[in-house]
>>> print(open('upload.txt').read())   # compact mmCIF, C-alpha atoms
# COMPACT_ATOMS: atom_id res chain seq x y z
CA MET A 21 0.00 0.00 0.00
CA GLU A 22 1.51 3.27 -1.12
CA LYS A 23 0.53 6.63 0.30
CA ILE A 24 0.00 9.61 -2.03
CA GLU A 25 -0.76 13.19 -1.10
CA MET A 26 -2.68 15.39 -3.50
CA ASP A 27 -4.35 18.74 -2.86
CA GLY A 28 -3.86 18.35 0.89
CA GLU A 29 -5.64 14.98 0.98
CA ILE A 30 -4.14 11.54 1.63
CA TYR A 31 -4.84 8.69 -0.78
CA TYR A 32 -3.58 5.14 -0.99
CA TYR A 33 -2.80 2.82 -3.85
CA LEU A 34 -4.29 -0.44 -2.65
CA ASN A 35 -4.92 -3.61 -4.67
CA ASN A 36 -4.32 -1.78 -7.97
CA ARG A 37 -6.83 0.92 -7.08
CA PHE A 38 -6.72 4.37 -5.53
CA VAL A 39 -8.74 4.94 -2.37
CA ASP A 40 -9.20 7.94 -0.11
CA SER A 41 -8.16 8.16 3.53
CA SER A 42 -11.31 6.30 4.59
CA PHE A 43 -10.47 3.54 2.05
CA CYS A 44 -13.37 4.35 -0.26
CA SER A 45 -12.86 4.27 -4.03
CA VAL A 46 -12.19 7.63 -5.62
CA ASP A 47 -14.15 9.16 -8.49
CA LYS A 48 -12.88 8.91 -12.07
CA ASN A 49 -11.50 12.46 -12.19
CA THR A 50 -9.55 12.03 -8.93
CA ASN A 51 -8.35 8.64 -10.11
CA GLU A 52 -6.92 10.14 -13.31
CA LYS A 53 -5.10 12.86 -11.36
CA LEU A 54 -3.69 10.33 -8.91
CA CYS A 55 -2.52 8.12 -11.76
CA ALA A 56 -0.71 11.03 -13.35
CA LEU A 57 1.09 11.69 -10.06
CA PHE A 58 1.74 8.05 -9.23
CA TYR A 59 3.14 6.99 -12.59
CA LYS A 60 4.74 10.19 -13.88
CA ASN A 61 8.31 9.52 -12.78
CA MET A 62 8.51 5.82 -13.58
CA ASP A 63 11.30 4.89 -15.95
CA PHE A 64 10.32 1.58 -17.51
CA ASN A 65 13.81 1.24 -19.02
CA THR A 66 15.21 0.58 -15.56
CA PHE A 67 12.77 -2.26 -14.81
CA SER A 68 13.85 -5.87 -15.05
CA LYS A 69 11.88 -8.09 -17.41
CA GLU A 70 9.95 -9.64 -14.53
CA LYS A 71 9.21 -6.32 -12.85
CA LEU A 72 8.07 -4.82 -16.13
CA LEU A 73 5.73 -7.74 -16.86
CA ASP A 74 4.24 -7.52 -13.36
CA PHE A 75 3.84 -3.76 -13.76
CA ILE A 76 2.10 -4.18 -17.13
CA LYS A 77 -0.34 -6.71 -15.67
CA GLN A 78 -0.94 -4.52 -12.63
CA THR A 79 -1.68 -1.37 -14.61
CA LYS A 80 -3.95 -3.23 -17.04
CA ASP A 81 -5.90 -4.75 -14.15
CA ALA A 82 -6.19 -1.25 -12.69
CA GLU A 83 -7.46 -0.03 -16.09
CA GLN A 84 -4.60 2.43 -16.39
CA PHE A 85 -4.49 1.79 -20.11
CA LEU A 86 -2.29 4.71 -21.19
CA VAL A 87 0.36 3.69 -18.68
CA THR A 88 0.01 0.06 -19.77
CA LYS A 89 0.34 1.10 -23.42
CA ASN A 90 3.57 3.00 -22.75
CA ALA A 91 5.02 0.22 -20.61
CA CYS A 92 4.21 -2.40 -23.26
CA ALA A 93 5.88 -0.33 -25.97
CA VAL A 94 9.05 -0.05 -23.90
CA ALA A 95 8.92 -3.73 -22.92
CA LEU A 96 8.62 -5.00 -26.47
CA GLU A 97 11.38 -2.76 -27.80
CA LYS A 98 13.70 -3.57 -24.91
CA PHE A 99 13.14 -7.34 -24.83
CA VAL A 100 12.23 -8.06 -28.46
CA ALA A 101 14.84 -10.82 -28.62
CA ASP A 102 13.04 -12.84 -25.94
CA GLU A 103 10.26 -14.63 -27.85
CA ASN A 104 8.56 -15.94 -24.72
CA PHE A 105 8.41 -12.46 -23.24
CA VAL A 106 7.00 -11.04 -26.47
CA LYS A 107 4.33 -13.78 -26.45
CA LEU A 108 3.29 -12.72 -22.95
CA VAL A 109 3.26 -8.96 -23.51
CA LEU A 110 1.88 -8.75 -27.05
CA PRO A 111 -1.70 -9.88 -26.25
CA ILE A 112 -1.82 -7.45 -23.34
CA TYR A 113 -0.59 -4.65 -25.60
CA THR A 114 -3.10 -5.34 -28.37
CA SER A 115 -5.94 -5.65 -25.88
CA THR A 116 -4.89 -2.38 -24.24
CA LEU A 117 -4.78 -0.59 -27.59
CA ARG A 118 -8.30 -1.81 -28.32
CA SER A 119 -9.42 -0.58 -24.89
CA ILE A 120 -8.30 2.95 -25.72
CA GLY A 121 -9.91 2.93 -29.15
CA MET A 122 -6.85 2.13 -31.26
CA PRO A 123 -7.71 -1.14 -33.05
CA ASN A 124 -5.71 -0.15 -36.16
CA LEU A 125 -2.58 0.26 -34.06
CA ALA A 126 -3.34 -3.05 -32.33
CA LEU A 127 -3.27 -4.77 -35.72
CA ASP A 128 -0.08 -2.96 -36.75
CA VAL A 129 1.68 -3.90 -33.52
CA ALA A 130 0.53 -7.53 -33.79
CA GLN A 131 1.84 -7.68 -37.36
CA LYS A 132 5.18 -6.13 -36.44
CA TYR A 133 5.92 -8.46 -33.54
CA THR A 134 4.50 -11.65 -35.02
CA ASP A 135 6.82 -11.07 -37.97
CA LEU A 136 9.68 -11.03 -35.46
CA VAL A 137 8.50 -14.03 -33.42
CA ALA A 138 8.81 -17.24 -35.40
CA ASN A 139 6.05 -19.21 -33.70
CA CYS A 140 3.54 -16.97 -32.01
CA ASP A 141 1.17 -19.55 -30.58
CA SER A 142 -0.69 -17.23 -28.25
CA PHE A 143 -4.42 -17.94 -28.10
CA ALA A 144 -4.97 -14.62 -26.31
CA LEU A 145 -3.15 -12.67 -29.03
CA TRP A 146 -5.25 -14.09 -31.85
CA ILE A 147 -8.46 -13.48 -29.92
CA SER A 148 -7.39 -9.87 -29.41
CA VAL A 149 -6.46 -9.49 -33.08
CA ALA A 150 -9.81 -10.99 -34.14
CA ALA A 151 -11.60 -8.53 -31.84
CA ALA A 152 -9.62 -5.62 -33.32
CA CYS A 153 -10.74 -6.73 -36.78
CA CYS A 154 -14.34 -6.74 -35.52
CA ASP A 155 -13.85 -3.25 -34.12
CA LEU A 156 -12.89 -2.16 -37.63
CA GLY A 157 -15.71 -4.06 -39.35
CA GLN A 158 -13.25 -6.50 -40.96
CA PHE A 159 -15.26 -9.61 -40.21
CA LYS A 160 -13.67 -11.88 -42.82
CA ASP A 161 -10.28 -11.27 -41.18
CA ALA A 162 -11.86 -11.63 -37.75
CA ILE A 163 -13.09 -15.11 -38.68
CA MET A 164 -9.63 -16.04 -39.96
CA TYR A 165 -7.97 -14.95 -36.69
CA LEU A 166 -10.68 -16.54 -34.59
CA ASN A 167 -10.03 -19.84 -36.37
CA LEU A 168 -6.30 -19.38 -35.80
CA ALA A 169 -6.99 -18.85 -32.09
CA LYS A 170 -9.05 -22.02 -32.05
CA GLN A 171 -6.16 -23.95 -33.65
CA LYS A 172 -3.79 -22.64 -30.98
CA LYS A 173 -6.13 -23.93 -28.29
CA ARG A 174 -6.43 -27.43 -29.79
CA GLY A 175 -8.70 -29.84 -28.00
CA HIS A 176 -10.27 -27.13 -25.86
CA THR A 177 -14.00 -26.67 -25.73
CA PHE A 178 -15.32 -23.16 -25.32
CA ASP A 179 -18.16 -22.49 -22.91
CA GLU A 180 -20.74 -19.85 -23.69
CA ASP A 181 -19.05 -17.31 -21.42
CA SER A 182 -15.58 -17.57 -22.93
CA GLU A 183 -14.00 -14.74 -24.87
CA PHE A 184 -13.92 -17.03 -27.88
CA ALA A 185 -17.66 -17.69 -27.73
CA ALA A 186 -18.43 -14.02 -27.16
CA LEU A 187 -16.38 -13.01 -30.17
CA GLU A 188 -17.90 -15.76 -32.30
CA ASN A 189 -21.37 -14.50 -31.34
CA ARG A 190 -20.35 -10.91 -32.10
CA ILE A 191 -19.30 -11.91 -35.62
CA LYS A 192 -22.43 -13.98 -36.23
CA LYS A 193 -24.62 -11.10 -35.10
CA ALA A 194 -22.74 -8.57 -37.25
CA LEU A 195 -22.98 -10.81 -40.30
CA ASN A 196 -26.50 -11.97 -39.44
CA VAL A 197 -25.58 -15.65 -39.85
CA GLU A 198 -26.11 -18.76 -37.76
CA SER A 199 -22.61 -20.14 -38.39
CA PHE A 200 -19.49 -19.52 -40.42
>>> encode(input="upload.txt", output="structure tokens")
Amino acid sequence: MEKIEMDGEIYYYLNNRFVDSSFCSVDKNTNEKLCALFYKNMDFNTFSKEKLLDFIKQTKDAEQFLVTKNACAVALEKFVADENFVKLVLPIYTSTLRSIGMPNLALDVAQKYTDLVANCDSFALWISVAAACCDLGQFKDAIMYLNLAKQKKRGHTFDEDSEFAALENRIKKALNVESF
């Protein structure tokens, strides 16, 4: 738990969230200001690979997407030679870009790093890429990436609540079809 002072008030960063001195969640505006203060002096270049990955996951869970975006960009450039690391960070990065309304950039980033990683077998990445295609109305490509995701998750059945099933339903609804 980290203590932060802003405008004469005390706040805490607790479980990836900012709370006030009575441990109640803060409003969105206060949260954004606290994030700016909390993250402004962090130099991702000094983080170890493990610390950077933990930080990326933490900020994404806390829905601090701009911070996550910046940390992912640094992480991928710094550790591009480590294929396993790229496979872990890339789906988070593409998902984050989608969350902030940048599906085109999500596709560009996925293309760039999958060209560098010989065998990108990340189910999560291909689901995210398929969703970015949906965001852009590119449903034919979305189906292709959804099928690729399914191949990467061989032998797995998808329940109705899974991301896969949700995306499949989104495509069917958009195309007004029963199956594809």
>>> residues_around(input="upload.txt", residues="Leu195 in chain A", least_positions_apart="3", cutoff="12 Å", atoms="all atoms listed in the file", output="PyMOL selection string")
chain A and resi 154+157-160+162-163+188-192+198-200
>>> atom_distance(input="upload.txt", atom1="CA of Leu127 in chain A", atom2="CA of Asp74 in chain A")
23.7 Å
>>> residues_near_point(input="upload.txt", point="(-5.5, -4.3, -26.3)", cutoff="10 Å", atoms="only C-alpha atoms", output="list of chain:residue names")
A:Lys80, A:Phe85, A:Thr88, A:Lys89, A:Leu110, A:Pro111, A:Ile112, A:Tyr113, A:Thr114, A:Ser115, A:Thr116, A:Leu117, A:Arg118, A:Ser119, A:Ile120, A:Gly121, A:Met122, A:Pro123, A:Leu125, A:Ala126, A:Leu127, A:Leu145, A:Ser148, A:Val149, A:Ala151, A:Ala152
>>> residues_near_point(input="upload.txt", point="(-3.4, 12.3, -6.1)", cutoff="9 Å", atoms="all atoms listed in the file", output="ChimeraX atom specification")
/A:24-27,29-32,38,50-58
>>> closest_residue(input="upload.txt", among="A:Tyr59, A:Asn124, A:Cys153, A:Tyr133", to="Ala93 in chain A", atoms="all atoms listed in the file")
A:Tyr133
>>> atom_distance(input="upload.txt", atom1="CA of Phe99 in chain A", atom2="CA of Gln78 in chain A")
18.8 Å
>>> closest_residue(input="upload.txt", among="A:Leu72, A:Val46, A:Ile147, A:Met164", to="Ala91 in chain A", atoms="all atoms listed in the file")
A:Leu72
>>> closest_residue(input="upload.txt", among="A:Val100, A:Val94, A:Ala130, A:Leu136", to="Ala150 in chain A", atoms="only C-alpha atoms")
A:Ala130
>>> atom_distance(input="upload.txt", atom1="CA of Val39 in chain A", atom2="CA of Lys71 in chain A")
23.6 Å
>>> closest_residue(input="upload.txt", among="A:Asp161, A:Tyr33, A:Leu166, A:Gly28", to="Thr79 in chain A", atoms="all atoms listed in the file")
A:Tyr33
